[in-house]
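K.L.:
Submitted below is the structure of interest, expressed as structure tokens.
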Amino acid sequence: MIISPKIRGFICTTAHPEGCAQHVAEQIAVVEKRGFIENGPKRVLVIGSSTGYGLASRIAAAFGSKASTIGVFFERPGEIDRPATAGWYNTRAFENAATAAGLYARSFNGDAFSNSVKSEVIAAIKEDLGQVDLVVYSLASPRRTDPTSGEVYKSVLKPVGSSYTNKNLNTSTGVVNEITIEPAEGDDVEQTIAVMGGADWALWMDALLEAGVLADGVKTVAYSYIGPEVTWPIYKNGTIGRAKEDLENIQRALDLKLAPLHGKAWVSVNKALVTQASSAIPVVPLYISLLYQVMKAEGTHEDCIEQMDRLFRERLYNNSPQPDEHGRIRVDDWEMAPQVQALVDARWKEVTTENFTELGDFEGYQSSFLRLFGFGLRGVDYSADTDTSVGIPSIKG
Ligand code: NAD
């Protein structure tokens with residue numbers, strides 16, 4: 001079929017296999033150009049490996065330090081007349097490229113929150129790799145089913161305490177208007193913590209530890225975001241921020257558990273970037289558009305792949321993690337640089353629909369968004385009839 005983007009609000013319901021493959025190839029090229037990561041990870045498990053930061057982590061590990069990788073994700077395969085989700089095509093492309101480079105890659109499509117997926121992955125590690133020396137936890141999900149009680153938790157993106165009004169971007173039209181978001185109520189905070197906090201990361205690490213599949217010196221990393229004050233009511237001090245606090249508490253607990261293995265757990269605070277998860281957060285897309293404009297002009301703009309390459313190459317694997325006072329790695333350092341934030345802040349106050357294309361990088365926002373789904377990539381013939389039902393080599397059936 002001929003596949004074109006179908007955008008509904010903040011999601012695109014189609015994805016292009018060749019475009020996703022090109023997007024993956026471009027990310028691989030970024031890492032390969034930077035050369036081999038000395039002392040990098042060798043046997044890596046990435047939970048949430050099909051898009052965004054998790055995909056970039058898998059690529060950085062495989063193509064930066066020739067790591068064998070196991071990836072876990074939740075994606076929909078394609079049918080004859082219906083494209084798969086982007087993460088499906090990304091993983092197919094990743095596996096093809098890894099195999100061509102002589103690298104082991106195996107993938108699991110299922111609910112990472114479940115006990116059954118954990119067991120399957122542990123069996124695969126035992127069978128194929130023996131142990132892993134890095135576990136990346138990069139899930140972003142709106143809900144989680146508790147593996148013991150069966151309860152379904154739902155995460156919400158709301159301020160805590162009082163309502164929050166600020167500027168907001170309609171990412172389809174470029175209109176800058178105002179949005180008011182009502183505060184969390186009932187058990188919204190607890191539910192969001194149950195989904196996006198550290199509980200499932202802890203369950204994964206406990207299961208891996210108990211199965212004896214964590215190597216001596218193992219590292220594990222999960223991702224967080226802090227951002228500027230203008231977004232704090234909806235992010236850092238909102239329901240999602242409470243979940244990230246929980247993630248940090250779990251990181252400290254995991255550190256103790258991994259000590260006998262000389263292991264270490266990290267939270268890495270990453271840059272705000274256009275991903276499927278971040279485009280759903282109110283206010284953040286406007287901030288990202290202003291940020292991209294400033295960072296591109298400064299020459300410090302990075303995408304997921306540059307962020308993850310820098311995390312591995314300059315922080316996790318060169319004995320220089322440079323933790324902040326709370327023990328977190330900060331690869332959001334260039335985003336949070338005072339001169340960048342001062343400019344973004346000034347533009348935030350000024351920005352209106354009329355001056356938005358001048359002050360913000362709307363074109364950059366929209367093209368980054370489309371690229372997530374494999375659209376707008378150079379060298380792809382979007383008018384060609386394309387097979388939507390292609391598989392992932394390591395996933396049978
Ligand atoms: P994303 O939406 O691109 O990726 C989410 C991944 O989780 C995908 O691989 C998806 O398949 C997988 N997933 C979701 N539910 C699953 C389930 N039940 N079972 C198995 N896999 C499942 O998101 P992202 O933006 O890359 O976010 C990853 C992490 O990075 C999150 O913790 C997020 O908070 C953090 N982060 C994001 C940003 C940003 O700006 N995007 C910034 C800093 C930190």
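Starting from 1 in every chain, residues are counted up; chains themselves are A, B, ... following the order of the structure tokens, and ligands are numbered from 1 as listed.
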Could the residues that lie within 7 Å of ligand 1, counting only C-alpha atoms and all ligand atoms, be listed as number ranges by chain?
P.N.:
A: 47-55, 72-75, 87, 109-113, 138-141, 144, 222-225, 269-278
K.L.:
Please identify which residues in region 149-372 of chain A DSSP calls strand (DSSP E or B) from the backbone, and express them as an MDAnalysis selection string.
P.N.:
chainID A and resid 152:154 164:169 176:181 214:224 264:269 329:330
K.L.:
Please provide the set of residues having any atom within 9 Å of Arg313 (chain A), restricted to only C-alpha atoms, with same-chain residues fewer than 2 positions apart removed, written as a count of residues only.
P.N.:
14
K.L.:
Could you pull the residues within 12 Å of Val213 (chain A), counting only C-alpha atoms, minus those fewer than 5 positions along the same chain, as number ranges by chain?
P.N.:
A: 43-45, 119, 121-135, 204-208, 218, 261
K.L.:
With N, CA, C and O atoms retained, write the just-selected residues as a tab-separated table (two decimals), in the first residue's frame.
P.N.:
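Result saved to out.tsv:
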```
chain	number	residue	atom	x	y	z
A	43	ARG	N	26.72	-7.03	26.77
A	43	ARG	CA	25.50	-7.83	26.73
A	43	ARG	C	24.42	-6.99	27.40
A	43	ARG	O	24.47	-6.76	28.62
A	44	VAL	N	23.48	-6.53	26.58
A	44	VAL	CA	22.59	-5.46	27.05
A	44	VAL	C	21.12	-5.84	26.91
A	44	VAL	O	20.72	-6.36	25.87
A	45	LEU	N	20.35	-5.56	27.95
A	45	LEU	CA	18.90	-5.70	27.90
A	45	LEU	C	18.29	-4.30	27.90
A	45	LEU	O	18.59	-3.50	28.79
A	119	SER	N	9.85	-13.63	32.49
A	119	SER	CA	10.37	-15.01	32.46
A	119	SER	C	10.93	-15.38	31.10
A	119	SER	O	11.99	-15.99	31.01
A	121	VAL	N	12.19	-13.42	28.85
A	121	VAL	CA	13.44	-12.68	28.61
A	121	VAL	C	14.58	-13.30	29.41
A	121	VAL	O	15.69	-13.48	28.90
A	122	ILE	N	14.30	-13.68	30.64
A	122	ILE	CA	15.34	-14.31	31.48
A	122	ILE	C	15.79	-15.63	30.85
A	122	ILE	O	16.99	-15.92	30.78
A	123	ALA	N	14.83	-16.38	30.34
A	123	ALA	CA	15.18	-17.65	29.67
A	123	ALA	C	16.08	-17.38	28.47
A	123	ALA	O	17.06	-18.10	28.23
A	124	ALA	N	15.76	-16.33	27.72
A	124	ALA	CA	16.57	-16.00	26.53
A	124	ALA	C	17.98	-15.57	26.93
A	124	ALA	O	18.96	-15.94	26.28
A	125	ILE	N	18.09	-14.81	28.01
A	125	ILE	CA	19.42	-14.39	28.47
A	125	ILE	C	20.24	-15.63	28.84
A	125	ILE	O	21.40	-15.78	28.42
A	126	LYS	N	19.61	-16.54	29.59
A	126	LYS	CA	20.32	-17.76	30.02
A	126	LYS	C	20.77	-18.56	28.80
A	126	LYS	O	21.89	-19.04	28.74
A	127	GLU	N	19.85	-18.68	27.85
A	127	GLU	CA	20.09	-19.50	26.66
A	127	GLU	C	21.21	-18.92	25.78
A	127	GLU	O	22.08	-19.64	25.32
A	128	ASP	N	21.14	-17.61	25.57
A	128	ASP	CA	21.99	-17.02	24.52
A	128	ASP	C	23.18	-16.23	25.05
A	128	ASP	O	24.23	-16.17	24.41
A	129	LEU	N	23.03	-15.56	26.17
A	129	LEU	CA	24.08	-14.64	26.62
A	129	LEU	C	24.68	-15.02	27.97
A	129	LEU	O	25.76	-14.54	28.33
A	130	GLY	N	23.99	-15.83	28.72
A	130	GLY	CA	24.46	-16.18	30.06
A	130	GLY	C	24.07	-15.12	31.07
A	130	GLY	O	23.26	-15.35	31.96
A	131	GLN	N	24.62	-13.92	30.85
A	131	GLN	CA	24.31	-12.80	31.76
A	131	GLN	C	24.26	-11.49	30.95
A	131	GLN	O	24.70	-11.47	29.80
A	132	VAL	N	23.77	-10.44	31.58
A	132	VAL	CA	23.84	-9.11	30.95
A	132	VAL	C	24.65	-8.17	31.84
A	132	VAL	O	24.67	-8.33	33.07
A	133	ASP	N	25.33	-7.20	31.22
A	133	ASP	CA	26.11	-6.24	32.02
A	133	ASP	C	25.50	-4.84	32.02
A	133	ASP	O	26.02	-3.94	32.67
A	134	LEU	N	24.40	-4.65	31.25
A	134	LEU	CA	23.68	-3.37	31.30
A	134	LEU	C	22.19	-3.64	31.11
A	134	LEU	O	21.81	-4.39	30.20
A	135	VAL	N	21.39	-3.02	31.97
A	135	VAL	CA	19.93	-3.08	31.82
A	135	VAL	C	19.41	-1.64	31.69
A	135	VAL	O	19.57	-0.84	32.61
A	204	TRP	N	11.79	-5.98	37.67
A	204	TRP	CA	12.72	-6.52	36.65
A	204	TRP	C	14.07	-6.86	37.28
A	204	TRP	O	14.61	-7.94	37.09
A	205	MET	N	14.61	-5.92	38.05
A	205	MET	CA	15.96	-6.12	38.60
A	205	MET	C	15.96	-7.26	39.63
A	205	MET	O	16.90	-8.05	39.68
A	206	ASP	N	14.88	-7.35	40.41
A	206	ASP	CA	14.78	-8.46	41.37
A	206	ASP	C	14.76	-9.79	40.64
A	206	ASP	O	15.44	-10.74	41.02
A	207	ALA	N	13.96	-9.86	39.58
A	207	ALA	CA	13.83	-11.12	38.82
A	207	ALA	C	15.16	-11.49	38.17
A	207	ALA	O	15.57	-12.65	38.17
A	208	LEU	N	15.84	-10.51	37.61
A	208	LEU	CA	17.13	-10.77	36.93
A	208	LEU	C	18.19	-11.20	37.95
A	208	LEU	O	18.98	-12.11	37.70
A	218	VAL	N	27.51	-5.13	36.96
A	218	VAL	CA	26.35	-4.73	36.13
A	218	VAL	C	25.94	-3.28	36.40
A	218	VAL	O	26.05	-2.77	37.53
A	261	LEU	N	27.32	-7.32	43.81
A	261	LEU	CA	27.81	-7.64	42.45
A	261	LEU	C	28.73	-6.53	41.93
A	261	LEU	O	29.05	-6.51	40.74
```
K.L.:
Can you tell me, as number ranges by chain, what residues are no more than 12 Å from Thr192 (chain A) when counting only C-alpha atoms, ignoring any on the same chain fewer than 4 positions away?
P.N.:
A: 140-144, 152-160, 184-188, 196-199, 238-247
K.L.:
Write the selection just made, keeping C-alpha atoms, as a CSV table (one decimal), in the first residue's frame?
P.N.:
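As a result, result.csv now contains:
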```csv
chain,number,residue,atom,x,y,z
A,140,ALA,CA,6.7,5.1,28.7
A,141,SER,CA,3.2,3.9,29.0
A,142,PRO,CA,-0.2,5.3,29.9
A,143,ARG,CA,-1.2,2.2,31.9
A,144,ARG,CA,0.2,-0.8,33.7
A,152,VAL,CA,-4.9,-1.7,36.0
A,153,TYR,CA,-3.2,1.6,37.0
A,154,LYS,CA,-3.6,4.6,34.8
A,155,SER,CA,-1.2,7.5,34.6
A,156,VAL,CA,-2.3,11.1,34.2
A,157,LEU,CA,-0.4,14.3,33.3
A,158,LYS,CA,-1.8,16.8,35.8
A,159,PRO,CA,-0.5,19.4,38.2
A,160,VAL,CA,-0.7,18.6,41.9
A,184,ALA,CA,-4.9,15.7,40.2
A,185,GLU,CA,-7.8,14.3,42.2
A,186,GLY,CA,-8.6,11.1,44.0
A,187,ASP,CA,-5.7,8.6,43.6
A,188,ASP,CA,-4.3,10.2,40.4
A,196,MET,CA,5.7,5.6,35.6
A,197,GLY,CA,7.5,5.2,39.0
A,198,GLY,CA,10.1,2.6,39.8
A,199,ALA,CA,8.0,-0.4,40.9
A,238,GLY,CA,3.1,17.3,38.7
A,239,THR,CA,1.9,13.7,38.8
A,240,ILE,CA,4.6,12.5,36.4
A,241,GLY,CA,7.3,14.3,38.6
A,242,ARG,CA,6.0,12.3,41.6
A,243,ALA,CA,6.5,9.2,39.6
A,244,LYS,CA,10.1,10.2,38.7
A,245,GLU,CA,10.8,10.9,42.5
A,246,ASP,CA,9.7,7.3,43.1
A,247,LEU,CA,12.1,6.2,40.3
```
K.L.:
At what distance in Å, to one decimal, does CA of Leu370 (chain A) lie from CA of Asp81 (chain A)?
P.N.:
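For CA of Asp81 (chain A) relative to CA of Leu370 (chain A), the distance reads 20.5 Å.
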K.L.:
Near Val284 (chain A), counting only C-alpha atoms, which residues have an atom at most 9 Å away, once you skip same-chain residues fewer than 2 positions from it, shown as a ChimeraX atom specification?
P.N.:
/A:168-169,231,234-235,272,278-282,286-289
K.L.:
May I have the residues from that selection written out with N, CA, C and O atoms, as an mmCIF file, in the first residue's frame?
P.N.:
```
data_model
loop_
_atom_site.group_PDB
_atom_site.id
_atom_site.type_symbol
_atom_site.label_atom_id
_atom_site.label_comp_id
_atom_site.auth_asym_id
_atom_site.auth_seq_id
_atom_site.Cartn_x
_atom_site.Cartn_y
_atom_site.Cartn_z
ATOM 1 N N ASN A 168 0.240 27.160 25.325
ATOM 2 C CA ASN A 168 0.240 25.803 24.792
ATOM 3 C C ASN A 168 0.217 25.889 23.271
ATOM 4 O O ASN A 168 -0.324 26.828 22.704
ATOM 5 N N LEU A 169 0.839 24.911 22.640
ATOM 6 C CA LEU A 169 0.915 24.910 21.177
ATOM 7 C C LEU A 169 0.003 23.839 20.607
ATOM 8 O O LEU A 169 0.032 22.684 21.045
ATOM 9 N N THR A 231 7.727 24.704 33.087
ATOM 10 C CA THR A 231 6.996 23.431 32.917
ATOM 11 C C THR A 231 6.826 22.667 34.238
ATOM 12 O O THR A 231 6.216 21.598 34.254
ATOM 13 N N ILE A 234 3.408 21.120 35.443
ATOM 14 C CA ILE A 234 2.876 19.972 34.707
ATOM 15 C C ILE A 234 3.872 18.816 34.690
ATOM 16 O O ILE A 234 3.491 17.665 34.506
ATOM 17 N N TYR A 235 5.152 19.116 34.913
ATOM 18 C CA TYR A 235 6.112 18.005 34.858
ATOM 19 C C TYR A 235 6.725 17.723 36.231
ATOM 20 O O TYR A 235 6.254 16.874 36.976
ATOM 21 N N ALA A 272 14.725 17.300 26.846
ATOM 22 C CA ALA A 272 13.368 17.263 26.291
ATOM 23 C C ALA A 272 13.468 17.105 24.784
ATOM 24 O O ALA A 272 14.127 17.905 24.115
ATOM 25 N N SER A 278 6.544 12.294 24.753
ATOM 26 C CA SER A 278 6.580 13.708 25.146
ATOM 27 C C SER A 278 5.545 14.530 24.383
ATOM 28 O O SER A 278 5.098 15.577 24.868
ATOM 29 N N SER A 279 5.151 14.078 23.182
ATOM 30 C CA SER A 279 4.201 14.902 22.429
ATOM 31 C C SER A 279 2.814 14.894 23.075
ATOM 32 O O SER A 279 1.973 15.735 22.761
ATOM 33 N N ALA A 280 2.602 13.979 24.025
ATOM 34 C CA ALA A 280 1.301 13.907 24.691
ATOM 35 C C ALA A 280 1.205 14.838 25.908
ATOM 36 O O ALA A 280 0.135 14.992 26.492
ATOM 37 N N ILE A 281 2.335 15.460 26.274
ATOM 38 C CA ILE A 281 2.325 16.283 27.492
ATOM 39 C C ILE A 281 1.939 17.722 27.128
ATOM 40 O O ILE A 281 2.578 18.322 26.275
ATOM 41 N N PRO A 282 0.896 18.290 27.762
ATOM 42 C CA PRO A 282 0.541 19.670 27.440
ATOM 43 C C PRO A 282 1.714 20.614 27.736
ATOM 44 O O PRO A 282 2.560 20.304 28.572
ATOM 45 N N LEU A 286 5.423 23.276 23.092
ATOM 46 C CA LEU A 286 5.777 24.683 22.854
ATOM 47 C C LEU A 286 7.180 24.957 23.387
ATOM 48 O O LEU A 286 8.018 25.567 22.717
ATOM 49 N N TYR A 287 7.455 24.469 24.574
ATOM 50 C CA TYR A 287 8.790 24.624 25.150
ATOM 51 C C TYR A 287 9.841 23.979 24.230
ATOM 52 O O TYR A 287 10.886 24.567 23.948
ATOM 53 N N ILE A 288 9.551 22.769 23.741
ATOM 54 C CA ILE A 288 10.516 22.060 22.880
ATOM 55 C C ILE A 288 10.775 22.870 21.597
ATOM 56 O O ILE A 288 11.915 22.990 21.146
ATOM 57 N N SER A 289 9.725 23.459 21.024
ATOM 58 C CA SER A 289 9.907 24.241 19.792
ATOM 59 C C SER A 289 10.819 25.439 20.036
ATOM 60 O O SER A 289 11.682 25.754 19.214
#
```
K.L.:
When you look at region 25-35 of chain A with a cut-off of 12 Å (counting only C-alpha atoms), what residues show up, excluding the ones that are within fewer than 3 positions of it in the same chain? I need them as a PyMOL selection string.
P.N.:
chain A and resi 18-22+38+40+51-53+55-66+90-98+101+302-314+371-372+374+377-379
K.L.:
Out of A:Ser394, A:Thr300, A:Thr13, A:Ser383, which residue has the shortest atom-to-atom distance to Arg106 (chain A) when counting only C-alpha atoms?
P.N.:
A:Ser394
K.L.:
One decimal, in Å: what's the spacing between CA of Thr165 (chain A) and CA of Glu229 (chain A)?
P.N.:
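Atom-to-atom, CA of Thr165 (chain A) to CA of Glu229 (chain A), that is 13.5 Å.
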